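Colleague: Pasting in a structure now, in structure tokens, and then I'll have a few things to ask.
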Amino acid sequence: MSARITAAATAVVAAVAGSVLMPLSAYAAPAEAGNQHALKITMGAPAPSGPLTRGGAAQTFELTVANPSDKPHSFHPWILGTPAGASPLQQADVTFKVEGVTAPATESFIGQQDGGWQGAFHPAGKKKSEPFEIPAGGKLTWKVTIGLGKSYPTNDGDFTVHPTSYNDEVAKDGDAGSLTFKTDPAIKPGKLETWIDQINPCQDKTAELQCREMDLHYRATGDGEFGTALATRLSMYLDESISAADADIQVQVQTDGQWKDLSALDNYRLADIPKGFGQASGERKVHLRTKVGPNTKLKKETPLTLNAEIGLAEGNTSAFADAVAKFRVAPATTPTSPSPSPSGSATTQPSKSPSPSASASASASASASATSTTGGNTNTTGNGGSGSLAHTGADSNTGLYAGLAAVLVGLGGAATWLGARRRKAVQG
């Protein structure tokens with residue numbers, strides 16, 4: 001598996017299903033000189049009042065965008081949705097419709113990024129990147145309708161929406177804040193916790209740094225369960241100018257007491273965790289190992305990072321949890337030929353190989369959005385000096401709010417898995 005470099009989230013956006021990836025400039029309109037940050041957004045109370053139920057009645061609120069400036073201003077609508085709970089949302093999990101009140105005829109659609117939910121709308125009959133024009137000193141109003149689909153995850157609770165613009169057109173004092181829809185039944189939101197520990201030399205007595213075994217753990221908290229199977233893919237990064245393929249790092253998983261190779265062609269994907277995984281499932285553990293193969297081009301002891309990324313197995317497959325382990329690897333030690341002593345004596349001293357370090361550590365980090373209810377909490381689990389930081393992956397909208405001014409959500413298209421570092425995937 002070669003080392004994979006994270007692509008910047010601002011570099012590409014995904015068009016509607018069936019289209020290819022396009023540069024951000026194809027969707028985001030150029031900034032209007034001297035007229036940026038002009039708009040103000042307000043929201044009315046949703047009606048009818050009361051909680052939303054899965055497959056039940058929806059609620060509608062008014063969304064008004066005002067332009068107090070003396071020039072017309074474009075508006076690229078963007079509504080971010082965040083569930084309180086462990087599971088990312090699929091497109092069918094939330095219903096979304098937008099109708100113009102004083103605004104022109106409107107079409108709406110749903111997009112996704114980083115496991116989060118996003119709604120967008122545009123003038124009917126025009127390209128999805130086409131903005132609305134807000135007249136100078138004027139305003140436009142829409143009716144926005146939100147409901148829960150029958151498939152809304154049982155381990156997700158209240159649903160919060162935050163309206164904005166993907167082209168940085170809202171004034172700092174014009175942010176409407178967020179609106180939270182309560183759900184029925186109410187649940188105790190949880191998260192998916194993942195970590196790697198027990199990083200030790202392999203039990204088959206292979207040289208200590210040539211082979212390392214470890215355990216990957218999964219644990220769900222809170223009410224409910226995942227309604228979709230969970231997929232895990234592994235990636236590696238070597239802290240020197242050599243790819244994991246040239247290093248000949250073999251990755252294996254223990255199944256029924258036997259070690260089986262994982263395929264690089266399938267991004268080192270582990271067996272899926274069946275749908276229905278929740279707190280009642282208890283802790284799940286997978287035994288892994290890495291081995292430096294006989295064709296390695298490694299010449300010395302080298303740090304290696306192993307990253308396990310977890311996402312839904314289908315649909316919105318962006319990784320929403322991960323576990324990262326850092327340890328050191330080295331090729332098999334080759335005896336060094338003795339060299340003559342400086343005195344010319346027949347006595348020789350064998351050269352010494354560097355003493356391998358048995359230390360192993362790991363770390364993981366969770367990005368937290370400004371409105372995440374679970375944030376980036378971490379738990380530390382280890383075995384003596386060997387272990388990793390646990391990543392709590394409840395922040396299904398990871399990275400969404402940080403990119404309000406620069407990133408257009410991907411609408412439709414296939415999911416993209418990233419290695420080595422969490423990638424800001426844009427998909428629908």
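Labeling convention for the structure tokens: chains A, B, ... as they appear, residues from 1 per chain, ligands from 1 in order of appearance.
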What lies within 9 Å of region 70-76 of chain A using only C-alpha atoms, ignoring chain neighbours under 3 positions off, as a PyMOL selection string?
Modeller: chain A and resi 28-29+32+35-36+38-39+65+67+120-122+129-138+164-170
Colleague: How many Å separate CA of Thr145 (chain A) from CA of Gly227 (chain A)?
Modeller: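 So the two atoms, CA of Thr145 (chain A) and CA of Gly227 (chain A), lie 24.5 Å apart.
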Colleague: Which value, in Å to one decimal, gives the distance between CA of Gly55 (chain A) and CA of Ser151 (chain A)?
Modeller: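 These two atoms are separated by 7.9 Å.
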Colleague: Out of region 103-191 of chain A, which residues get strand (DSSP E) from DSSP, as a PDB file with N, CA and C atoms, in the first residue's frame?
Modeller:
```pdb
ATOM      1  N   THR A 106     -38.259  28.014  -6.933  1.00  0.00           N
ATOM      2  CA  THR A 106     -37.040  27.458  -6.342  1.00  0.00           C
ATOM      3  C   THR A 106     -37.024  25.938  -6.437  1.00  0.00           C
ATOM      4  N   GLU A 107     -35.853  25.382  -6.674  1.00  0.00           N
ATOM      5  CA  GLU A 107     -35.625  23.942  -6.622  1.00  0.00           C
ATOM      6  C   GLU A 107     -34.600  23.664  -5.517  1.00  0.00           C
ATOM      7  N   SER A 108     -34.771  22.531  -4.826  1.00  0.00           N
ATOM      8  CA  SER A 108     -33.882  22.194  -3.704  1.00  0.00           C
ATOM      9  C   SER A 108     -33.355  20.773  -3.858  1.00  0.00           C
ATOM     10  N   PHE A 109     -32.282  20.491  -3.158  1.00  0.00           N
ATOM     11  CA  PHE A 109     -31.673  19.156  -3.204  1.00  0.00           C
ATOM     12  C   PHE A 109     -30.788  18.978  -1.976  1.00  0.00           C
ATOM     13  N   ILE A 110     -30.376  17.723  -1.733  1.00  0.00           N
ATOM     14  CA  ILE A 110     -29.594  17.373  -0.538  1.00  0.00           C
ATOM     15  C   ILE A 110     -28.193  16.960  -0.946  1.00  0.00           C
ATOM     16  N   GLY A 111     -27.198  17.419  -0.189  1.00  0.00           N
ATOM     17  CA  GLY A 111     -25.813  17.011  -0.393  1.00  0.00           C
ATOM     18  C   GLY A 111     -25.210  16.542   0.921  1.00  0.00           C
ATOM     19  N   GLN A 112     -23.991  16.022   0.845  1.00  0.00           N
ATOM     20  CA  GLN A 112     -23.329  15.501   2.051  1.00  0.00           C
ATOM     21  C   GLN A 112     -21.838  15.783   1.990  1.00  0.00           C
ATOM     22  N   GLN A 113     -21.245  15.983   3.145  1.00  0.00           N
ATOM     23  CA  GLN A 113     -19.806  16.161   3.259  1.00  0.00           C
ATOM     24  C   GLN A 113     -19.374  15.725   4.651  1.00  0.00           C
ATOM     25  N   GLY A 116     -21.749  14.685   7.252  1.00  0.00           N
ATOM     26  CA  GLY A 116     -22.798  15.619   7.618  1.00  0.00           C
ATOM     27  C   GLY A 116     -23.851  15.740   6.536  1.00  0.00           C
ATOM     28  N   TRP A 117     -24.941  16.401   6.864  1.00  0.00           N
ATOM     29  CA  TRP A 117     -26.073  16.602   5.945  1.00  0.00           C
ATOM     30  C   TRP A 117     -26.101  18.061   5.525  1.00  0.00           C
ATOM     31  N   GLN A 118     -26.367  18.302   4.238  1.00  0.00           N
ATOM     32  CA  GLN A 118     -26.431  19.672   3.761  1.00  0.00           C
ATOM     33  C   GLN A 118     -27.548  19.804   2.741  1.00  0.00           C
ATOM     34  N   GLY A 119     -28.306  20.878   2.852  1.00  0.00           N
ATOM     35  CA  GLY A 119     -29.357  21.182   1.900  1.00  0.00           C
ATOM     36  C   GLY A 119     -29.008  22.438   1.123  1.00  0.00           C
ATOM     37  N   ALA A 120     -29.362  22.485  -0.143  1.00  0.00           N
ATOM     38  CA  ALA A 120     -29.095  23.659  -0.968  1.00  0.00           C
ATOM     39  C   ALA A 120     -30.296  23.905  -1.872  1.00  0.00           C
ATOM     40  N   PHE A 121     -30.411  25.134  -2.401  1.00  0.00           N
ATOM     41  CA  PHE A 121     -31.482  25.439  -3.332  1.00  0.00           C
ATOM     42  C   PHE A 121     -31.021  26.530  -4.294  1.00  0.00           C
ATOM     43  N   HIS A 122     -31.734  26.651  -5.402  1.00  0.00           N
ATOM     44  CA  HIS A 122     -31.319  27.563  -6.475  1.00  0.00           C
ATOM     45  C   HIS A 122     -32.539  27.935  -7.303  1.00  0.00           C
ATOM     46  N   PRO A 123     -32.423  28.955  -8.157  1.00  0.00           N
ATOM     47  CA  PRO A 123     -33.560  29.328  -9.002  1.00  0.00           C
ATOM     48  C   PRO A 123     -33.982  28.163  -9.894  1.00  0.00           C
ATOM     49  N   PHE A 132     -29.259  33.279  -6.320  1.00  0.00           N
ATOM     50  CA  PHE A 132     -30.372  34.217  -6.336  1.00  0.00           C
ATOM     51  C   PHE A 132     -29.786  35.632  -6.288  1.00  0.00           C
ATOM     52  N   GLU A 133     -30.507  36.599  -6.831  1.00  0.00           N
ATOM     53  CA  GLU A 133     -30.080  37.997  -6.758  1.00  0.00           C
ATOM     54  C   GLU A 133     -30.983  38.735  -5.776  1.00  0.00           C
ATOM     55  N   ILE A 134     -30.380  39.256  -4.714  1.00  0.00           N
ATOM     56  CA  ILE A 134     -31.127  40.021  -3.711  1.00  0.00           C
ATOM     57  C   ILE A 134     -31.001  41.494  -4.084  1.00  0.00           C
ATOM     58  N   LYS A 139     -35.171  42.202   0.105  1.00  0.00           N
ATOM     59  CA  LYS A 139     -35.035  40.899   0.753  1.00  0.00           C
ATOM     60  C   LYS A 139     -35.882  39.879   0.009  1.00  0.00           C
ATOM     61  N   LEU A 140     -35.543  38.608   0.180  1.00  0.00           N
ATOM     62  CA  LEU A 140     -36.299  37.490  -0.379  1.00  0.00           C
ATOM     63  C   LEU A 140     -36.624  36.518   0.747  1.00  0.00           C
ATOM     64  N   THR A 141     -37.788  35.871   0.641  1.00  0.00           N
ATOM     65  CA  THR A 141     -38.224  34.943   1.676  1.00  0.00           C
ATOM     66  C   THR A 141     -38.611  33.599   1.060  1.00  0.00           C
ATOM     67  N   TRP A 142     -38.230  32.514   1.745  1.00  0.00           N
ATOM     68  CA  TRP A 142     -38.564  31.149   1.330  1.00  0.00           C
ATOM     69  C   TRP A 142     -39.232  30.403   2.487  1.00  0.00           C
ATOM     70  N   LYS A 143     -40.013  29.377   2.147  1.00  0.00           N
ATOM     71  CA  LYS A 143     -40.501  28.422   3.137  1.00  0.00           C
ATOM     72  C   LYS A 143     -39.633  27.176   3.046  1.00  0.00           C
ATOM     73  N   VAL A 144     -39.034  26.794   4.177  1.00  0.00           N
ATOM     74  CA  VAL A 144     -38.171  25.614   4.241  1.00  0.00           C
ATOM     75  C   VAL A 144     -38.882  24.547   5.067  1.00  0.00           C
ATOM     76  N   THR A 145     -39.020  23.351   4.492  1.00  0.00           N
ATOM     77  CA  THR A 145     -39.726  22.264   5.173  1.00  0.00           C
ATOM     78  C   THR A 145     -38.753  21.129   5.483  1.00  0.00           C
ATOM     79  N   ILE A 146     -38.725  20.723   6.749  1.00  0.00           N
ATOM     80  CA  ILE A 146     -37.814  19.684   7.241  1.00  0.00           C
ATOM     81  C   ILE A 146     -38.623  18.566   7.894  1.00  0.00           C
ATOM     82  N   GLY A 147     -38.287  17.321   7.599  1.00  0.00           N
ATOM     83  CA  GLY A 147     -38.906  16.172   8.251  1.00  0.00           C
ATOM     84  C   GLY A 147     -37.905  15.045   8.398  1.00  0.00           C
ATOM     85  N   LEU A 148     -38.264  14.030   9.151  1.00  0.00           N
ATOM     86  CA  LEU A 148     -37.400  12.863   9.336  1.00  0.00           C
ATOM     87  C   LEU A 148     -37.920  11.698   8.497  1.00  0.00           C
ATOM     88  N   ASP A 156     -29.445   8.472  16.511  1.00  0.00           N
ATOM     89  CA  ASP A 156     -29.391   9.925  16.338  1.00  0.00           C
ATOM     90  C   ASP A 156     -30.627  10.544  16.969  1.00  0.00           C
ATOM     91  N   GLY A 157     -30.435  11.692  17.591  1.00  0.00           N
ATOM     92  CA  GLY A 157     -31.547  12.385  18.228  1.00  0.00           C
ATOM     93  C   GLY A 157     -31.885  13.679  17.508  1.00  0.00           C
ATOM     94  N   ASP A 158     -31.908  14.783  18.251  1.00  0.00           N
ATOM     95  CA  ASP A 158     -32.339  16.072  17.709  1.00  0.00           C
ATOM     96  C   ASP A 158     -31.531  16.463  16.470  1.00  0.00           C
ATOM     97  N   PHE A 159     -32.201  17.162  15.548  1.00  0.00           N
ATOM     98  CA  PHE A 159     -31.596  17.557  14.278  1.00  0.00           C
ATOM     99  C   PHE A 159     -31.517  19.081  14.227  1.00  0.00           C
ATOM    100  N   THR A 160     -30.311  19.617  14.047  1.00  0.00           N
ATOM    101  CA  THR A 160     -30.081  21.060  14.061  1.00  0.00           C
ATOM    102  C   THR A 160     -29.677  21.548  12.673  1.00  0.00           C
ATOM    103  N   VAL A 161     -30.276  22.654  12.225  1.00  0.00           N
ATOM    104  CA  VAL A 161     -29.928  23.237  10.930  1.00  0.00           C
ATOM    105  C   VAL A 161     -29.343  24.629  11.134  1.00  0.00           C
ATOM    106  N   HIS A 162     -28.397  24.979  10.257  1.00  0.00           N
ATOM    107  CA  HIS A 162     -27.742  26.286  10.301  1.00  0.00           C
ATOM    108  C   HIS A 162     -27.685  26.829   8.877  1.00  0.00           C
ATOM    109  N   PRO A 163     -28.457  27.867   8.552  1.00  0.00           N
ATOM    110  CA  PRO A 163     -28.446  28.417   7.196  1.00  0.00           C
ATOM    111  C   PRO A 163     -27.306  29.408   6.997  1.00  0.00           C
ATOM    112  N   THR A 164     -26.679  29.376   5.820  1.00  0.00           N
ATOM    113  CA  THR A 164     -25.601  30.299   5.502  1.00  0.00           C
ATOM    114  C   THR A 164     -25.451  30.352   3.991  1.00  0.00           C
ATOM    115  N   SER A 165     -24.306  30.816   3.530  1.00  0.00           N
ATOM    116  CA  SER A 165     -23.989  30.874   2.104  1.00  0.00           C
ATOM    117  C   SER A 165     -22.633  30.235   1.881  1.00  0.00           C
ATOM    118  N   LEU A 179     -31.263  26.338  14.291  1.00  0.00           N
ATOM    119  CA  LEU A 179     -32.616  25.955  14.699  1.00  0.00           C
ATOM    120  C   LEU A 179     -32.609  24.450  14.944  1.00  0.00           C
ATOM    121  N   THR A 180     -33.031  24.025  16.128  1.00  0.00           N
ATOM    122  CA  THR A 180     -32.993  22.608  16.500  1.00  0.00           C
ATOM    123  C   THR A 180     -34.399  22.016  16.508  1.00  0.00           C
ATOM    124  N   PHE A 181     -34.553  20.910  15.773  1.00  0.00           N
ATOM    125  CA  PHE A 181     -35.811  20.170  15.744  1.00  0.00           C
ATOM    126  C   PHE A 181     -35.701  19.000  16.728  1.00  0.00           C
ATOM    127  N   THR A 183     -36.662  15.482  18.435  1.00  0.00           N
ATOM    128  CA  THR A 183     -37.150  14.237  17.845  1.00  0.00           C
ATOM    129  C   THR A 183     -37.868  13.395  18.894  1.00  0.00           C
ATOM    130  N   ASP A 184     -38.774  12.588  18.430  1.00  0.00           N
ATOM    131  CA  ASP A 184     -39.547  11.697  19.297  1.00  0.00           C
ATOM    132  C   ASP A 184     -39.489  10.282  18.690  1.00  0.00           C
TER     133      ASP A 184
END
```
Colleague: Tell me, counting only C-alpha atoms, for each residue of region 242-284 of chain A within 10 Å of region 305-319 of chain A, which pair of atoms is nearest and how far apart they are in Å to one decimal, in rows ordered by chain and increasing number, as a tab-separated table.
Modeller:
```
residue	atom	partner	partner_atom	distance
A:Val251	CA	A:Leu306	CA	10.0
A:Tyr268	CA	A:Ala308	CA	9.5
A:Arg269	CA	A:Ala308	CA	9.3
A:Leu270	CA	A:Ala308	CA	9.5
A:Asp272	CA	A:Ala313	CA	7.2
A:Ile273	CA	A:Ala313	CA	8.7
A:Pro274	CA	A:Ala313	CA	9.2
A:Lys275	CA	A:Ala313	CA	9.3
```
Colleague: Please produce a file of the residues just selected, as a tab-separated table (two decimals), in the first residue's frame, where the atoms kept are N, CA and C atoms.
Modeller:
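Writing the result to out20.tsv gives the following:
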```tsv
chain	number	residue	atom	x	y	z
A	251	VAL	N	0.17	-6.33	5.84
A	251	VAL	CA	-0.86	-6.12	6.86
A	251	VAL	C	-1.74	-7.36	6.91
A	268	TYR	N	-7.02	-2.29	2.00
A	268	TYR	CA	-6.85	-2.96	3.29
A	268	TYR	C	-8.13	-2.88	4.12
A	269	ARG	N	-9.23	-3.29	3.52
A	269	ARG	CA	-10.53	-3.22	4.18
A	269	ARG	C	-10.75	-4.45	5.04
A	270	LEU	N	-11.16	-4.20	6.27
A	270	LEU	CA	-11.50	-5.29	7.18
A	270	LEU	C	-12.92	-5.77	6.90
A	272	ASP	N	-16.72	-6.06	7.34
A	272	ASP	CA	-17.67	-5.07	7.84
A	272	ASP	C	-18.28	-5.52	9.17
A	273	ILE	N	-18.59	-4.54	10.01
A	273	ILE	CA	-19.38	-4.80	11.21
A	273	ILE	C	-20.84	-4.74	10.80
A	274	PRO	N	-21.60	-5.81	10.99
A	274	PRO	CA	-23.00	-5.83	10.51
A	274	PRO	C	-23.83	-4.70	11.13
A	275	LYS	N	-24.86	-4.27	10.40
A	275	LYS	CA	-25.75	-3.24	10.93
A	275	LYS	C	-26.38	-3.74	12.23
```
Colleague: For region 283-295 of chain A, work out the shell of residues within 6 Å, counting only C-alpha atoms and skipping chain neighbours fewer than 5 positions away, then give it as a ChimeraX atom specification.
Modeller: /A:210-219,248-254
